[in-house]
$ cat structure12.cif   # mmCIF, C-alpha atoms
data_input
loop_
_atom_site.group_PDB
_atom_site.id
_atom_site.type_symbol
_atom_site.label_atom_id
_atom_site.label_comp_id
_atom_site.auth_asym_id
_atom_site.auth_seq_id
_atom_site.Cartn_x
_atom_site.Cartn_y
_atom_site.Cartn_z
ATOM 1 C CA MET A 839 23.851 -0.306 1.914
ATOM 2 C CA MET A 840 26.369 -1.496 4.501
ATOM 3 C CA SER A 841 27.119 -5.214 5.001
ATOM 4 C CA GLN A 842 24.508 -5.535 7.745
ATOM 5 C CA ALA A 843 21.952 -2.753 7.850
ATOM 6 C CA ARG A 844 20.382 -1.659 11.104
ATOM 7 C CA ILE A 845 16.627 -1.747 10.551
ATOM 8 C CA SER A 846 14.162 0.268 12.620
ATOM 9 C CA VAL A 847 10.432 -0.452 12.517
ATOM 10 C CA LEU A 848 7.505 1.842 13.338
ATOM 11 C CA ALA A 849 4.235 0.074 14.183
ATOM 12 C CA SER A 850 0.911 1.087 15.693
ATOM 13 C CA GLY A 851 -0.743 -2.235 16.380
ATOM 14 C CA GLY A 852 -0.129 -5.833 17.345
ATOM 15 C CA GLY A 853 2.963 -6.199 15.225
ATOM 16 C CA SER A 854 2.359 -9.339 13.179
ATOM 17 C CA ASN A 855 4.309 -7.835 10.276
ATOM 18 C CA LEU A 856 7.051 -6.926 12.722
ATOM 19 C CA GLN A 857 7.137 -10.560 13.840
ATOM 20 C CA ALA A 858 7.476 -11.664 10.230
ATOM 21 C CA LEU A 859 10.445 -9.322 9.892
ATOM 22 C CA ILE A 860 12.038 -10.531 13.127
ATOM 23 C CA ASP A 861 11.692 -14.144 12.017
ATOM 24 C CA HIS A 862 12.995 -13.428 8.511
ATOM 25 C CA PHE A 863 16.106 -11.619 9.695
ATOM 26 C CA ALA A 864 16.828 -14.358 12.213
ATOM 27 C CA GLY A 865 17.435 -16.660 9.212
ATOM 28 C CA PRO A 866 19.584 -16.354 6.083
ATOM 29 C CA ALA A 867 18.596 -12.692 5.649
ATOM 30 C CA ALA A 868 20.702 -11.888 8.727
ATOM 31 C CA SER A 869 23.605 -11.205 6.374
ATOM 32 C CA ALA A 870 21.640 -8.261 4.938
ATOM 33 C CA GLY A 871 20.422 -6.678 8.152
ATOM 34 C CA ALA A 872 18.930 -6.940 11.604
ATOM 35 C CA ILE A 873 15.895 -5.481 13.342
ATOM 36 C CA THR A 874 17.522 -3.317 15.992
ATOM 37 C CA PHE A 875 14.836 -0.826 17.084
ATOM 38 C CA VAL A 876 11.044 -0.675 17.225
ATOM 39 C CA ALA A 877 8.921 2.357 18.103
ATOM 40 C CA SER A 878 5.227 3.182 18.284
ATOM 41 C CA GLU A 879 3.054 6.192 19.015
ATOM 42 C CA ARG A 880 1.105 3.893 21.355
ATOM 43 C CA ALA A 881 2.906 2.823 24.529
ATOM 44 C CA GLU A 882 0.559 -0.160 24.796
ATOM 45 C CA ALA A 883 1.108 -1.394 21.217
ATOM 46 C CA GLY A 884 1.565 -5.132 20.962
ATOM 47 C CA ALA A 885 4.445 -4.541 18.552
ATOM 48 C CA LEU A 886 6.523 -3.193 21.426
ATOM 49 C CA ASP A 887 5.851 -6.352 23.435
ATOM 50 C CA ARG A 888 6.979 -8.477 20.494
ATOM 51 C CA ALA A 889 10.154 -6.433 20.180
ATOM 52 C CA ARG A 890 10.980 -6.720 23.873
ATOM 53 C CA ALA A 891 10.382 -10.470 23.757
ATOM 54 C CA ALA A 892 12.959 -10.648 20.952
ATOM 55 C CA GLY A 893 15.463 -8.519 22.864
ATOM 56 C CA ILE A 894 15.059 -5.527 20.544
ATOM 57 C CA ALA A 895 15.296 -1.961 21.844
ATOM 58 C CA THR A 896 12.021 -0.018 21.872
ATOM 59 C CA GLY A 897 10.808 3.557 22.071
ATOM 60 C CA VAL A 898 7.582 5.545 22.213
ATOM 61 C CA ILE A 899 6.861 8.417 19.827
ATOM 62 C CA ASP A 900 5.146 10.921 22.102
ATOM 63 C CA ALA A 901 4.607 13.507 19.351
ATOM 64 C CA PRO A 902 4.160 11.892 15.904
ATOM 65 C CA LEU A 903 4.411 15.284 14.169
ATOM 66 C CA ASP A 904 7.691 16.225 15.889
ATOM 67 C CA SER A 905 10.254 15.429 13.234
ATOM 68 C CA ASP A 906 13.212 16.373 15.426
ATOM 69 C CA ALA A 907 12.142 13.969 18.159
ATOM 70 C CA ILE A 908 11.603 11.128 15.694
ATOM 71 C CA LEU A 909 14.918 11.761 13.964
ATOM 72 C CA SER A 910 16.629 11.803 17.340
ATOM 73 C CA LEU A 911 15.178 8.390 18.197
ATOM 74 C CA LEU A 912 16.218 6.966 14.844
ATOM 75 C CA ASP A 913 19.672 8.531 15.059
ATOM 76 C CA THR A 914 20.231 7.064 18.514
ATOM 77 C CA ALA A 915 19.289 3.679 17.046
ATOM 78 C CA LYS A 916 21.794 4.237 14.202
ATOM 79 C CA THR A 917 19.017 3.475 11.715
ATOM 80 C CA ASP A 918 19.991 2.557 8.150
ATOM 81 C CA VAL A 919 16.565 1.372 6.923
ATOM 82 C CA LEU A 920 13.187 2.456 8.290
ATOM 83 C CA VAL A 921 10.098 0.254 7.884
ATOM 84 C CA LEU A 922 6.495 1.281 8.497
ATOM 85 C CA ALA A 923 4.692 -1.918 9.476
ATOM 86 C CA GLY A 924 1.132 -0.946 10.251
ATOM 87 C CA TYR A 925 2.155 2.543 11.348
ATOM 88 C CA LEU A 926 -0.942 4.726 11.044
ATOM 89 C CA LYS A 927 0.568 8.205 11.340
ATOM 90 C CA LEU A 928 1.827 10.349 8.485
ATOM 91 C CA VAL A 929 5.598 10.486 8.817
ATOM 92 C CA PRO A 930 6.811 14.121 8.888
ATOM 93 C CA GLU A 931 8.373 15.369 5.658
ATOM 94 C CA GLU A 932 11.732 15.985 7.337
ATOM 95 C CA VAL A 933 11.944 12.323 8.330
ATOM 96 C CA VAL A 934 10.928 11.159 4.865
ATOM 97 C CA ARG A 935 13.586 13.337 3.266
ATOM 98 C CA ALA A 936 16.254 12.126 5.687
ATOM 99 C CA PHE A 937 15.487 8.516 4.782
ATOM 100 C CA ARG A 938 14.735 8.911 1.084
ATOM 101 C CA GLY A 939 15.253 5.538 -0.566
ATOM 102 C CA ARG A 940 15.584 3.886 2.831
ATOM 103 C CA ILE A 941 12.005 4.099 4.164
ATOM 104 C CA LEU A 942 9.391 1.485 3.181
ATOM 105 C CA ASN A 943 5.721 0.908 3.867
ATOM 106 C CA VAL A 944 3.418 -2.077 3.400
ATOM 107 C CA HIS A 945 -0.173 -1.455 2.319
ATOM 108 C CA PRO A 946 -2.891 -4.149 2.234
ATOM 109 C CA ALA A 947 -4.230 -3.367 -1.243
ATOM 110 C CA LEU A 948 -2.958 -2.950 -4.791
ATOM 111 C CA LEU A 949 -2.016 0.714 -4.889
ATOM 112 C CA PRO A 950 -2.957 3.182 -6.238
ATOM 113 C CA SER A 951 -6.362 1.633 -5.574
ATOM 114 C CA PHE A 952 -7.751 1.789 -2.035
ATOM 115 C CA GLY A 953 -5.014 4.021 -0.662
ATOM 116 C CA GLY A 954 -4.681 7.487 0.816
ATOM 117 C CA PRO A 955 -5.837 9.228 4.006
ATOM 118 C CA GLY A 956 -8.351 7.228 6.006
ATOM 119 C CA MET A 957 -7.679 4.002 4.119
ATOM 120 C CA TYR A 958 -6.312 1.637 6.732
ATOM 121 C CA GLY A 959 -7.232 -1.562 8.508
ATOM 122 C CA MET A 960 -10.662 -3.040 7.900
ATOM 123 C CA ARG A 961 -11.729 0.092 6.010
ATOM 124 C CA ILE A 962 -9.569 -1.009 3.095
ATOM 125 C CA HIS A 963 -10.943 -4.524 2.898
ATOM 126 C CA GLN A 964 -14.537 -3.348 3.283
ATOM 127 C CA ALA A 965 -13.974 -0.829 0.487
ATOM 128 C CA VAL A 966 -12.631 -3.606 -1.755
ATOM 129 C CA LEU A 967 -15.779 -5.640 -1.085
ATOM 130 C CA ASP A 968 -18.105 -2.655 -1.495
ATOM 131 C CA HIS A 969 -16.608 -1.885 -4.911
ATOM 132 C CA GLY A 970 -17.102 -5.451 -6.075
ATOM 133 C CA ALA A 971 -13.409 -6.005 -6.779
ATOM 134 C CA THR A 972 -12.420 -9.592 -7.518
ATOM 135 C CA LEU A 973 -8.734 -8.991 -6.882
ATOM 136 C CA THR A 974 -6.860 -7.197 -4.109
ATOM 137 C CA GLY A 975 -3.380 -7.725 -2.727
ATOM 138 C CA VAL A 976 -0.326 -6.242 -1.070
ATOM 139 C CA THR A 977 1.923 -3.341 -2.027
ATOM 140 C CA VAL A 978 5.350 -2.567 -0.611
ATOM 141 C CA HIS A 979 6.596 0.872 -1.615
ATOM 142 C CA PHE A 980 9.128 3.528 -0.801
ATOM 143 C CA VAL A 981 7.592 6.302 1.286
ATOM 144 C CA ASP A 982 7.272 9.871 0.095
ATOM 145 C CA GLU A 983 5.506 12.887 1.596
ATOM 146 C CA HIS A 984 2.025 11.596 0.747
ATOM 147 C CA PHE A 985 0.006 8.680 2.093
ATOM 148 C CA ASP A 986 0.482 5.605 -0.102
ATOM 149 C CA ARG A 987 1.941 7.443 -3.090
ATOM 150 C CA GLY A 988 5.631 6.485 -3.101
ATOM 151 C CA PRO A 989 7.384 4.423 -5.815
ATOM 152 C CA ILE A 990 6.235 0.801 -5.745
ATOM 153 C CA ILE A 991 8.835 -1.873 -4.966
ATOM 154 C CA ALA A 992 6.610 -4.935 -5.353
ATOM 155 C CA GLN A 993 2.987 -6.060 -5.354
ATOM 156 C CA TRP A 994 1.323 -9.411 -4.914
ATOM 157 C CA PRO A 995 -2.268 -10.197 -5.923
ATOM 158 C CA VAL A 996 -4.727 -11.867 -3.566
ATOM 159 C CA PRO A 997 -8.113 -13.071 -4.832
ATOM 160 C CA VAL A 998 -11.405 -11.923 -3.372
ATOM 161 C CA LEU A 999 -13.410 -15.113 -2.959
ATOM 162 C CA PRO A 1000 -17.171 -15.664 -2.938
ATOM 163 C CA GLY A 1001 -18.495 -15.389 0.591
ATOM 164 C CA ASP A 1002 -15.645 -13.170 1.797
ATOM 165 C CA ASP A 1003 -16.294 -10.600 4.468
ATOM 166 C CA ALA A 1004 -13.743 -7.999 5.546
ATOM 167 C CA THR A 1005 -12.332 -10.261 8.263
ATOM 168 C CA LEU A 1006 -11.745 -13.228 5.965
ATOM 169 C CA LEU A 1007 -10.242 -11.032 3.266
ATOM 170 C CA ALA A 1008 -7.991 -9.237 5.741
ATOM 171 C CA ALA A 1009 -6.589 -12.534 6.998
ATOM 172 C CA ARG A 1010 -5.796 -13.715 3.473
ATOM 173 C CA VAL A 1011 -4.090 -10.432 2.595
ATOM 174 C CA LEU A 1012 -2.144 -10.405 5.854
ATOM 175 C CA ARG A 1013 -0.589 -13.784 5.041
ATOM 176 C CA ALA A 1014 0.691 -12.260 1.816
ATOM 177 C CA GLU A 1015 2.045 -9.226 3.697
ATOM 178 C CA HIS A 1016 4.024 -11.526 5.979
ATOM 179 C CA ARG A 1017 5.744 -13.063 2.952
ATOM 180 C CA LEU A 1018 6.323 -10.044 0.723
ATOM 181 C CA LEU A 1019 7.375 -7.344 3.211
ATOM 182 C CA PRO A 1020 10.431 -9.174 4.611
ATOM 183 C CA LEU A 1021 11.683 -9.948 1.102
ATOM 184 C CA CYS A 1022 11.433 -6.283 0.106
ATOM 185 C CA VAL A 1023 13.085 -5.030 3.284
ATOM 186 C CA ALA A 1024 15.953 -7.477 2.850
ATOM 187 C CA ALA A 1025 16.382 -6.380 -0.776
ATOM 188 C CA VAL A 1026 16.606 -2.712 0.218
ATOM 189 C CA ALA A 1027 18.878 -3.493 3.171
ATOM 190 C CA SER A 1028 21.282 -5.433 0.937
ATOM 191 C CA GLY A 1029 21.226 -2.858 -1.841
ATOM 192 C CA ALA A 1030 19.576 -5.237 -4.333
ATOM 193 C CA ILE A 1031 16.731 -2.721 -4.646
ATOM 194 C CA VAL A 1032 17.407 1.029 -4.724
ATOM 195 C CA LEU A 1033 15.466 4.205 -5.381
ATOM 196 C CA GLY A 1034 17.240 6.059 -8.161
ATOM 197 C CA ASP A 1035 17.699 9.777 -8.604
ATOM 198 C CA ASP A 1036 15.070 9.495 -11.331
ATOM 199 C CA GLY A 1037 12.475 8.544 -8.706
ATOM 200 C CA ARG A 1038 12.209 5.019 -10.074
ATOM 201 C CA VAL A 1039 12.872 1.701 -8.370
ATOM 202 C CA HIS A 1040 15.920 -0.149 -9.706
ATOM 203 C CA GLY A 1041 17.232 -3.626 -9.032
ATOM 204 C CA HIS A 1042 15.893 -7.125 -8.603
ATOM 205 C CA LEU A 1043 13.668 -8.695 -5.978
ATOM 206 C CA ASP A 1044 14.547 -12.346 -5.478
ATOM 207 C CA ILE A 1045 11.356 -14.257 -4.634
ATOM 208 C CA PRO A 1046 12.098 -17.854 -3.571
ATOM 209 C CA VAL A 1047 10.206 -20.650 -5.256
ATOM 210 C CA SER A 1048 8.483 -21.447 -1.943
ATOM 211 C CA VAL A 1049 6.836 -18.023 -2.001
ATOM 212 C CA HIS A 1050 5.302 -18.803 -5.389
ATOM 213 C CA ALA A 1051 3.598 -21.892 -3.959
ATOM 214 C CA PRO A 1052 -0.164 -22.098 -4.636
ATOM 215 C CA GLU A 1053 -0.962 -22.303 -0.936
ATOM 216 C CA TRP A 1054 0.327 -18.741 -0.564
ATOM 217 C CA ARG A 1055 -0.914 -17.268 -3.822
ATOM 218 C CA PHE A 1056 -4.448 -18.464 -3.282
ATOM 219 C CA ALA A 1057 -4.543 -19.001 0.484
#
$ encode --input "structure12.cif" --output "structure tokens"
Amino acid sequence: MMSQARISVLASGGGSNLQALIDHFAGPAASAGAITFVASERAEAGALDRARAAGIATGVIDAPLDSDAILSLLDTAKTDVLVLAGYLKLVPEEVVRAFRGRILNVHPALLPSFGGPGMYGMRIHQAVLDHGATLTGVTVHFVDEHFDRGPIIAQWPVPVLPGDDATLLAARVLRAEHRLLPLCVAAVASGAIVLGDDGRVHGHLDIPVSVHAPEWRFA
């Protein structure tokens, strides 16, 4: 990856993961990359407001299945790394191929469990509770042509606690997302993590001691 990668983010919702990325790359990770473009299929998405507030260029994806239009947006933004941060549409195969090894997604569960079409938002956390799981977590993975099936970069466990409902569990998992996703994006942007020709993830993810703190692991 180049000395400072240009990172584009696709988001469908309020953009709290986007904010975590913006904050992370405003610090020491700035040497690895910068968030330079944010787009959504929803013109009213809060993520776009967050981007504008940070002085980041934005765009609207009018046709989520139109690969040429999406690639044009990303090309105009000179995108090196593409991050799906709560983006709920299946990215067209042509876009995935163009960004192979440079497109990441964050999923609020420990894949391959609780992933695939229809598994998003509160549905995931309710499914975890309905199945009686005692452990869930966060997965950051490279994106391929299938929902939630790409090579895994990193995972972090989050406990399911007695008395949890979907809202409480979602909040606990989201705090983990905000820590793990920026670290993975920075690692890919810097070249510390790469997707090899063998389809496997190679390299090292540097997780600071502060991220291992009990207040995050068991928050």
$ resolve_selection --input "structure12.cif" --expression "the PyMOL selection byres ((chain A and resi 931) around 8)" --output "PyMOL selection string"
chain A and resi 905+929-930+932-935+982-983
$ closest_residue --input "structure12.cif" --among "A:Arg938, A:His862, A:Arg961, A:His945" --to "Ala1004 of chain A" --atoms "all atoms listed in the file"
A:Arg961
$ residues_around --input "structure12.cif" --residues "segment 889-892 of chain A" --least-positions-apart "5" --cutoff "8 Å" --atoms "all atoms listed in the file" --output "ChimeraX atom specification"
/A:860,875-876
$ resolve_selection --input "structure12.cif" --expression "the PyMOL selection byres ((chain A and resi 868) around 12)" --output "number ranges by chain"
A: 841-845, 859-867, 869-874, 1020-1021, 1023-1025, 1027-1028
$ closest_residue --input "structure12.cif" --among "A:Ile941, A:Leu1007, A:Ala881, A:Leu1012" --to "Val976 of chain A" --atoms "all atoms listed in the file"
A:Leu1012
$ resolve_selection --input "structure12.cif" --expression "the PyMOL selection byres ((chain A and resi 977-981) around 10)" --output "ChimeraX atom specification"
/A:920-922,929,934-935,937-950,974-976,982-995,1014-1015,1018-1023,1026,1032-1033,1037-1039
$ closest_residue --input "structure12.cif" --among "A:Met960, A:Asp1002, A:Gly954, A:Ser846" --to "Leu973 of chain A" --atoms "all atoms listed in the file"
A:Asp1002
